[in-house]
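Source file: start36.txt. Holds: compact mmCIF, C-alpha atoms.
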# COMPACT_ATOMS: atom_id res chain seq x y z
CA MET N 1 0.00 0.00 0.00
CA LYS N 2 1.13 3.56 -0.52
CA TYR N 3 1.83 6.02 2.27
CA LYS N 4 3.06 9.51 3.07
CA GLU N 5 5.44 10.41 5.86
CA SER N 6 6.46 13.28 8.08
CA TYR N 7 9.45 13.60 10.41
CA PHE N 8 9.54 15.38 13.77
CA PHE N 9 12.86 16.08 15.51
CA CYS N 10 14.67 13.64 13.22
CA SER N 11 16.07 13.54 9.69
CA GLN N 12 14.44 11.75 6.80
CA HIS N 13 17.83 11.22 5.15
CA LEU N 14 19.37 9.70 8.27
CA LEU N 15 16.38 7.44 8.99
CA ARG N 16 16.31 6.06 5.45
CA ASN N 17 19.47 4.13 6.39
CA VAL N 18 18.08 2.68 9.64
CA ALA N 19 17.27 -1.02 9.20
CA GLU N 20 14.22 -0.91 11.51
CA VAL N 21 12.68 1.96 9.53
CA GLN N 22 13.25 0.04 6.30
CA GLU N 23 11.54 -2.99 7.85
CA VAL N 24 8.49 -0.90 8.72
CA PHE N 25 8.32 0.45 5.17
CA SER N 26 8.67 -3.12 3.86
CA CYS N 27 5.74 -4.21 6.03
CA ILE N 28 3.56 -1.43 4.63
CA ASP N 29 4.62 -2.32 1.07
CA ALA N 30 3.62 -5.95 1.68
CA ILE N 31 0.06 -5.07 2.70
CA LYS N 32 -2.42 -4.24 -0.05
CA TRP N 33 -5.19 -1.72 0.51
CA LEU N 34 -8.70 -2.93 -0.26
CA PRO N 35 -12.04 -1.19 0.37
CA GLU N 36 -13.12 -4.24 2.34
CA PHE N 37 -9.96 -5.73 3.85
CA GLU N 38 -9.89 -9.24 5.35
CA VAL N 39 -7.16 -11.38 6.91
CA GLU N 40 -7.33 -14.91 8.22
CA GLN N 41 -5.05 -16.04 11.05
CA ASN N 42 -5.28 -19.36 12.88
CA GLY N 43 -8.67 -20.08 11.35
CA ILE N 44 -10.14 -16.75 12.48
CA GLN N 45 -11.36 -14.23 9.90
CA TYR N 46 -10.66 -10.54 10.66
CA LYS N 47 -12.14 -7.56 8.80
CA ASN N 48 -11.28 -3.91 8.19
CA LYS N 49 -9.51 -2.19 11.14
CA THR N 50 -8.85 -5.44 13.01
CA ALA N 51 -7.67 -7.07 9.78
CA TYR N 52 -5.14 -4.29 9.13
CA ASN N 53 -3.81 -4.65 12.69
CA LYS N 54 -3.42 -8.41 12.13
CA ALA N 55 -1.76 -7.87 8.74
CA PHE N 56 0.78 -5.51 10.33
CA GLU N 57 1.36 -8.00 13.14
CA ILE N 58 2.00 -10.82 10.66
CA GLU N 59 4.42 -8.71 8.60
CA ILE N 60 6.38 -7.05 11.41
CA LEU N 61 6.88 -10.29 13.33
CA LYS N 62 8.68 -11.66 10.25
CA TYR N 63 11.46 -9.21 11.19
CA ASN N 64 11.64 -10.39 14.84
CA TRP N 65 10.13 -7.31 16.47
CA LYS N 66 9.09 -7.61 20.11
CA GLN N 67 5.35 -7.38 20.75
CA LYS N 68 3.83 -5.36 23.60
CA PRO N 69 7.00 -3.72 24.89
CA ILE N 70 6.72 -1.89 28.21
CA PHE N 71 7.49 1.82 27.97
CA SER N 72 7.52 2.37 31.70
CA ASP N 73 7.21 0.15 34.76
CA ASP N 74 5.64 2.88 36.87
CA THR N 75 2.76 3.59 34.46
CA LYS N 76 2.36 0.10 32.99
CA SER N 77 2.42 1.76 29.59
CA ILE N 78 2.61 -0.84 26.82
CA GLY N 79 3.39 -0.28 23.16
CA GLU N 80 2.73 -2.41 20.11
CA TYR N 81 6.18 -3.26 18.70
CA GLN N 82 9.82 -2.54 19.59
CA LYS N 83 13.21 -3.33 18.14
CA ASN N 84 16.57 -1.76 19.06
CA GLY N 85 15.12 1.41 20.54
CA VAL N 86 12.55 1.92 17.77
CA PHE N 87 8.91 1.71 18.86
CA VAL N 88 5.94 1.35 16.52
CA GLU N 89 2.31 2.15 17.21
CA ILE N 90 -0.38 1.41 14.62
CA GLN N 91 -3.45 3.46 15.40
CA PHE N 92 -6.94 2.87 14.07
CA GLY N 93 -8.63 4.08 17.28
CA SER N 94 -10.20 7.45 18.08
CA SER N 95 -8.38 10.75 17.62
CA GLU N 96 -7.80 11.01 21.37
CA THR N 97 -5.46 8.01 21.21
CA ILE N 98 -2.90 10.24 19.47
CA TYR N 99 -2.34 12.02 22.80
CA ARG N 100 -1.91 8.71 24.64
CA ASP N 101 0.56 7.48 22.04
CA TYR N 102 2.53 10.73 22.26
CA TYR N 103 2.66 10.40 26.05
CA LYS N 104 4.04 6.87 25.69
CA PHE N 105 6.63 8.12 23.21
CA HIS N 106 7.63 11.02 25.45
CA ASN N 107 7.81 8.85 28.56
CA GLY N 108 9.94 6.23 26.79
CA PHE N 109 12.22 8.89 25.30
CA ALA N 110 12.64 10.66 28.65
CA LYS N 111 13.63 7.34 30.25
CA ASN N 112 16.11 6.58 27.42
CA ILE N 113 14.34 3.39 26.35
CA ILE N 114 13.41 4.62 22.89
CA SER N 115 15.37 6.55 20.30
CA LEU N 116 12.64 6.78 17.64
CA ALA N 117 8.87 6.47 17.71
CA ILE N 118 6.90 5.49 14.61
CA LEU N 119 3.17 6.15 14.46
CA ILE N 120 1.14 4.65 11.63
CA VAL N 121 -2.36 6.01 10.97
CA PRO N 122 -4.70 6.25 7.96
CA THR N 123 -4.71 9.48 5.95
CA ILE N 124 -8.43 10.05 5.32
CA PRO N 125 -10.31 7.44 7.36
CA THR N 126 -13.55 7.70 5.38
CA ASP N 127 -11.61 6.89 2.18
CA PHE N 128 -9.38 4.30 3.83
CA PHE N 129 -12.36 2.44 5.39
CA PRO N 130 -15.18 3.20 2.88
CA ILE N 131 -17.32 0.23 4.01
CA HIS N 132 -16.90 0.95 7.73
CA SER N 133 -19.47 3.46 9.04
CA ASN N 134 -17.83 4.35 12.38
CA VAL N 135 -14.68 6.24 11.30
CA ARG N 136 -15.59 9.91 11.72
CA ASN N 137 -13.44 10.43 14.83
CA ILE N 138 -10.68 7.97 14.00
CA ALA N 139 -7.01 8.91 14.42
CA GLU N 140 -5.67 10.28 11.16
CA PHE N 141 -2.54 11.74 9.60
CA ASP N 142 -3.44 15.45 9.39
CA PHE N 143 -4.67 15.55 13.00
CA ALA N 144 -1.56 13.76 14.29
CA HIS N 145 0.64 16.08 12.22
CA ARG N 146 -0.95 19.21 13.71
CA ILE N 147 -0.67 17.84 17.26
CA PHE N 148 2.98 16.78 16.91
CA LYS N 149 3.92 20.21 15.51
CA LEU N 150 2.29 21.93 18.50
CA LEU N 151 3.70 19.78 21.29
CA PRO N 152 6.83 21.40 22.72
CA ILE N 153 8.75 18.29 23.76
CA PRO N 154 11.26 17.10 21.11
CA VAL N 155 10.58 13.39 20.72
CA PRO N 156 11.92 11.91 17.45
CA ILE N 157 8.82 10.70 15.60
CA LEU N 158 8.22 9.30 12.15
CA LEU N 159 4.55 9.76 11.29
CA ILE N 160 3.28 7.52 8.50
CA GLY N 161 -0.09 8.08 6.85
CA LEU N 162 -1.57 5.10 5.03
CA LEU N 163 -3.15 5.96 1.68
CA PRO N 164 -6.17 4.12 0.26
CA GLU N 165 -4.27 3.01 -2.85
CA ASN N 166 -1.70 0.50 -3.99
I need this file expressed as structure tokens, please.
Amino acid sequence: MKYKESYFFCSQHLLRNVAEVQEVFSCIDAIKWLPEFEVEQNGIQYKNKTAYNKAFEIEILKYNWKQKPIFSDDTKSIGEYQKNGVFVEIQFGSSETIYRDYYKFHNGFAKNIISLAILIVPTIPTDFFPIHSNVRNIAEFDFAHRIFKLLPIPVPILLIGLLPEN
């Protein structure tokens, strides 16, 4: 699937040579966008948002990423994937989850357990999930971009917006 990207407090040119970033881009490239997306895993059929989460899980685990890493023992904050100081969150939840993800990134960065955060969200949710009716307040690229530009704490973040096209 195609995507767009934005970099906060980090360099696009430098990150293009980071193996973990390349693995994330490879995972996105391996997943095809469809208006009605389905994935089967262990005999269970998943659709739309859940299916995309499963597809990312299947792809990223091929590269030996750790699932559910702990950002902080004191807050019990758990992420989605981690490898060598790079943390990935894939967000198809409500817009408010952007703030929670940023807090996790900031907390992990402040405690020196992450060096780069990657957030993956759809670009225009109504186009990305045309069959799904409950996407009006879903986390999306432009909202996350505005929030990350306003927040004053310099956490290195790669924001990836998934496009509804291949």
Next on the checklist: I'd like the contact shell of N:Gln12 - 12 Å cut-off, only C-alpha atoms, skipping same-chain residues fewer than 5 positions apart - returned as a list in words.
Outcome noted: Glu5, Ser6, Tyr7, Asn17, Val18, Val21, Gln22, Pro156, Ile157, Leu158 and Leu159 of chain N
Next on the checklist: Need to verify the contact set: N:Gly79, 10 Å, all atoms listed in the file, exclusion of same-chain residues closer than 6 positions in sequence. Can you return it as a ChimeraX atom specification?
Outcome noted: /N:66-72,87-90,101,104-105,108
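Take the candidates N:Val121, N:Leu14, N:Leu151, N:Ile78 and check each one against N:Gln91 using all atoms listed in the file; the shortest distance goes to N:Val121.
Of the residues listed (N:Ile138, N:Ile153, N:Ile131, N:Ile124), N:Ile153 shows the shortest atom-to-atom separation from N:Asn107; distances use all atoms listed in the file.
By chain and then residue number, the residues within 10 Å of stretch 125-128 of chain N are Trp33, Leu34, Pro35, Glu36, Asn48, Lys49, Phe92, Val121, His132, Ser133, Asn134, Val135, Arg136, Asn137, Ile138, Ala139, Glu140, Phe141, Leu162, Leu163, Pro164 and Glu165 of chain N, counting all atoms listed in the file and disregarding those fewer than 4 positions away in sequence.
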Checklist outcome for this item: Here atom CA of N:Ile58 and atom CA of N:Gly161 stand apart by 19.4 Å
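The shortest atom-to-atom distance to N:Gly85, with all atoms listed in the file taken into account, belongs to N:Phe109 out of N:Tyr63, N:Phe109, N:Tyr102, N:Phe37.
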Checklist entry - How many Å lie between atom CA of N:Ala117 and atom CA of N:Asp29, rounded to one decimal? => result 19.3 Å
Just write stretch 70-99 of chain N with N, CA and C atoms, as a PDB file, in the first residue's frame, taken from the block above.
ATOM      1  N   ILE N  70       7.113  -2.781  27.112  1.00  0.00           N
ATOM      2  CA  ILE N  70       6.724  -1.895  28.209  1.00  0.00           C
ATOM      3  C   ILE N  70       7.534  -0.610  28.105  1.00  0.00           C
ATOM      4  N   PHE N  71       6.837   0.516  28.038  1.00  0.00           N
ATOM      5  CA  PHE N  71       7.490   1.823  27.974  1.00  0.00           C
ATOM      6  C   PHE N  71       7.960   2.269  29.348  1.00  0.00           C
ATOM      7  N   SER N  72       7.205   1.892  30.366  1.00  0.00           N
ATOM      8  CA  SER N  72       7.524   2.373  31.701  1.00  0.00           C
ATOM      9  C   SER N  72       6.913   1.447  32.743  1.00  0.00           C
ATOM     10  N   ASP N  73       7.709   1.011  33.700  1.00  0.00           N
ATOM     11  CA  ASP N  73       7.206   0.149  34.762  1.00  0.00           C
ATOM     12  C   ASP N  73       6.240   0.882  35.684  1.00  0.00           C
ATOM     13  N   ASP N  74       6.487   2.171  35.911  1.00  0.00           N
ATOM     14  CA  ASP N  74       5.643   2.885  36.867  1.00  0.00           C
ATOM     15  C   ASP N  74       4.252   3.202  36.330  1.00  0.00           C
ATOM     16  N   THR N  75       4.080   3.284  35.013  1.00  0.00           N
ATOM     17  CA  THR N  75       2.758   3.588  34.462  1.00  0.00           C
ATOM     18  C   THR N  75       2.116   2.381  33.779  1.00  0.00           C
ATOM     19  N   LYS N  76       2.854   1.289  33.700  1.00  0.00           N
ATOM     20  CA  LYS N  76       2.362   0.100  32.994  1.00  0.00           C
ATOM     21  C   LYS N  76       1.967   0.433  31.558  1.00  0.00           C
ATOM     22  N   SER N  77       2.681   1.340  30.954  1.00  0.00           N
ATOM     23  CA  SER N  77       2.423   1.764  29.591  1.00  0.00           C
ATOM     24  C   SER N  77       3.026   0.756  28.619  1.00  0.00           C
ATOM     25  N   ILE N  78       2.190   0.214  27.747  1.00  0.00           N
ATOM     26  CA  ILE N  78       2.612  -0.836  26.825  1.00  0.00           C
ATOM     27  C   ILE N  78       2.442  -0.356  25.392  1.00  0.00           C
ATOM     28  N   GLY N  79       3.451  -0.625  24.562  1.00  0.00           N
ATOM     29  CA  GLY N  79       3.387  -0.278  23.157  1.00  0.00           C
ATOM     30  C   GLY N  79       2.963  -1.461  22.315  1.00  0.00           C
ATOM     31  N   GLU N  80       3.086  -1.306  21.002  1.00  0.00           N
ATOM     32  CA  GLU N  80       2.731  -2.407  20.108  1.00  0.00           C
ATOM     33  C   GLU N  80       3.949  -3.228  19.696  1.00  0.00           C
ATOM     34  N   TYR N  81       5.000  -2.545  19.185  1.00  0.00           N
ATOM     35  CA  TYR N  81       6.183  -3.257  18.700  1.00  0.00           C
ATOM     36  C   TYR N  81       7.439  -2.461  19.029  1.00  0.00           C
ATOM     37  N   GLN N  82       8.547  -3.176  19.272  1.00  0.00           N
ATOM     38  CA  GLN N  82       9.821  -2.535  19.594  1.00  0.00           C
ATOM     39  C   GLN N  82      10.962  -3.372  19.056  1.00  0.00           C
ATOM     40  N   LYS N  83      11.972  -2.664  18.574  1.00  0.00           N
ATOM     41  CA  LYS N  83      13.205  -3.329  18.143  1.00  0.00           C
ATOM     42  C   LYS N  83      14.332  -2.300  18.199  1.00  0.00           C
ATOM     43  N   ASN N  84      15.359  -2.598  18.991  1.00  0.00           N
ATOM     44  CA  ASN N  84      16.566  -1.759  19.056  1.00  0.00           C
ATOM     45  C   ASN N  84      16.275  -0.278  19.287  1.00  0.00           C
ATOM     46  N   GLY N  85      15.403   0.024  20.214  1.00  0.00           N
ATOM     47  CA  GLY N  85      15.118   1.413  20.541  1.00  0.00           C
ATOM     48  C   GLY N  85      14.113   2.091  19.628  1.00  0.00           C
ATOM     49  N   VAL N  86      13.582   1.377  18.654  1.00  0.00           N
ATOM     50  CA  VAL N  86      12.550   1.922  17.771  1.00  0.00           C
ATOM     51  C   VAL N  86      11.216   1.306  18.185  1.00  0.00           C
ATOM     52  N   PHE N  87      10.236   2.171  18.457  1.00  0.00           N
ATOM     53  CA  PHE N  87       8.906   1.713  18.862  1.00  0.00           C
ATOM     54  C   PHE N  87       7.891   2.070  17.792  1.00  0.00           C
ATOM     55  N   VAL N  88       6.962   1.155  17.531  1.00  0.00           N
ATOM     56  CA  VAL N  88       5.939   1.354  16.519  1.00  0.00           C
ATOM     57  C   VAL N  88       4.558   1.233  17.154  1.00  0.00           C
ATOM     58  N   GLU N  89       3.722   2.193  16.847  1.00  0.00           N
ATOM     59  CA  GLU N  89       2.308   2.153  17.214  1.00  0.00           C
ATOM     60  C   GLU N  89       1.504   2.252  15.924  1.00  0.00           C
ATOM     61  N   ILE N  90       0.532   1.374  15.763  1.00  0.00           N
ATOM     62  CA  ILE N  90      -0.378   1.412  14.619  1.00  0.00           C
ATOM     63  C   ILE N  90      -1.731   1.789  15.196  1.00  0.00           C
ATOM     64  N   GLN N  91      -2.275   2.915  14.733  1.00  0.00           N
ATOM     65  CA  GLN N  91      -3.447   3.464  15.400  1.00  0.00           C
ATOM     66  C   GLN N  91      -4.644   3.580  14.473  1.00  0.00           C
ATOM     67  N   PHE N  92      -5.663   2.773  14.755  1.00  0.00           N
ATOM     68  CA  PHE N  92      -6.944   2.874  14.067  1.00  0.00           C
ATOM     69  C   PHE N  92      -8.051   3.214  15.065  1.00  0.00           C
ATOM     70  N   GLY N  93      -7.661   3.704  16.250  1.00  0.00           N
ATOM     71  CA  GLY N  93      -8.625   4.085  17.279  1.00  0.00           C
ATOM     72  C   GLY N  93      -9.055   5.535  17.110  1.00  0.00           C
ATOM     73  N   SER N  94      -9.680   6.082  18.136  1.00  0.00           N
ATOM     74  CA  SER N  94     -10.202   7.448  18.076  1.00  0.00           C
ATOM     75  C   SER N  94      -9.053   8.468  18.086  1.00  0.00           C
ATOM     76  N   SER N  95      -9.376   9.677  17.688  1.00  0.00           N
ATOM     77  CA  SER N  95      -8.379  10.748  17.622  1.00  0.00           C
ATOM     78  C   SER N  95      -7.672  10.970  18.947  1.00  0.00           C
ATOM     79  N   GLU N  96      -8.385  10.779  20.057  1.00  0.00           N
ATOM     80  CA  GLU N  96      -7.801  11.007  21.370  1.00  0.00           C
ATOM     81  C   GLU N  96      -6.615  10.081  21.646  1.00  0.00           C
ATOM     82  N   THR N  97      -6.553   8.949  20.977  1.00  0.00           N
ATOM     83  CA  THR N  97      -5.457   8.009  21.211  1.00  0.00           C
ATOM     84  C   THR N  97      -4.115   8.580  20.764  1.00  0.00           C
ATOM     85  N   ILE N  98      -4.141   9.586  19.903  1.00  0.00           N
ATOM     86  CA  ILE N  98      -2.899  10.244  19.471  1.00  0.00           C
ATOM     87  C   ILE N  98      -2.180  10.828  20.687  1.00  0.00           C
ATOM     88  N   TYR N  99      -2.936  11.437  21.593  1.00  0.00           N
ATOM     89  CA  TYR N  99      -2.337  12.020  22.800  1.00  0.00           C
ATOM     90  C   TYR N  99      -1.728  10.935  23.686  1.00  0.00           C
TER      91      TYR N  99
END
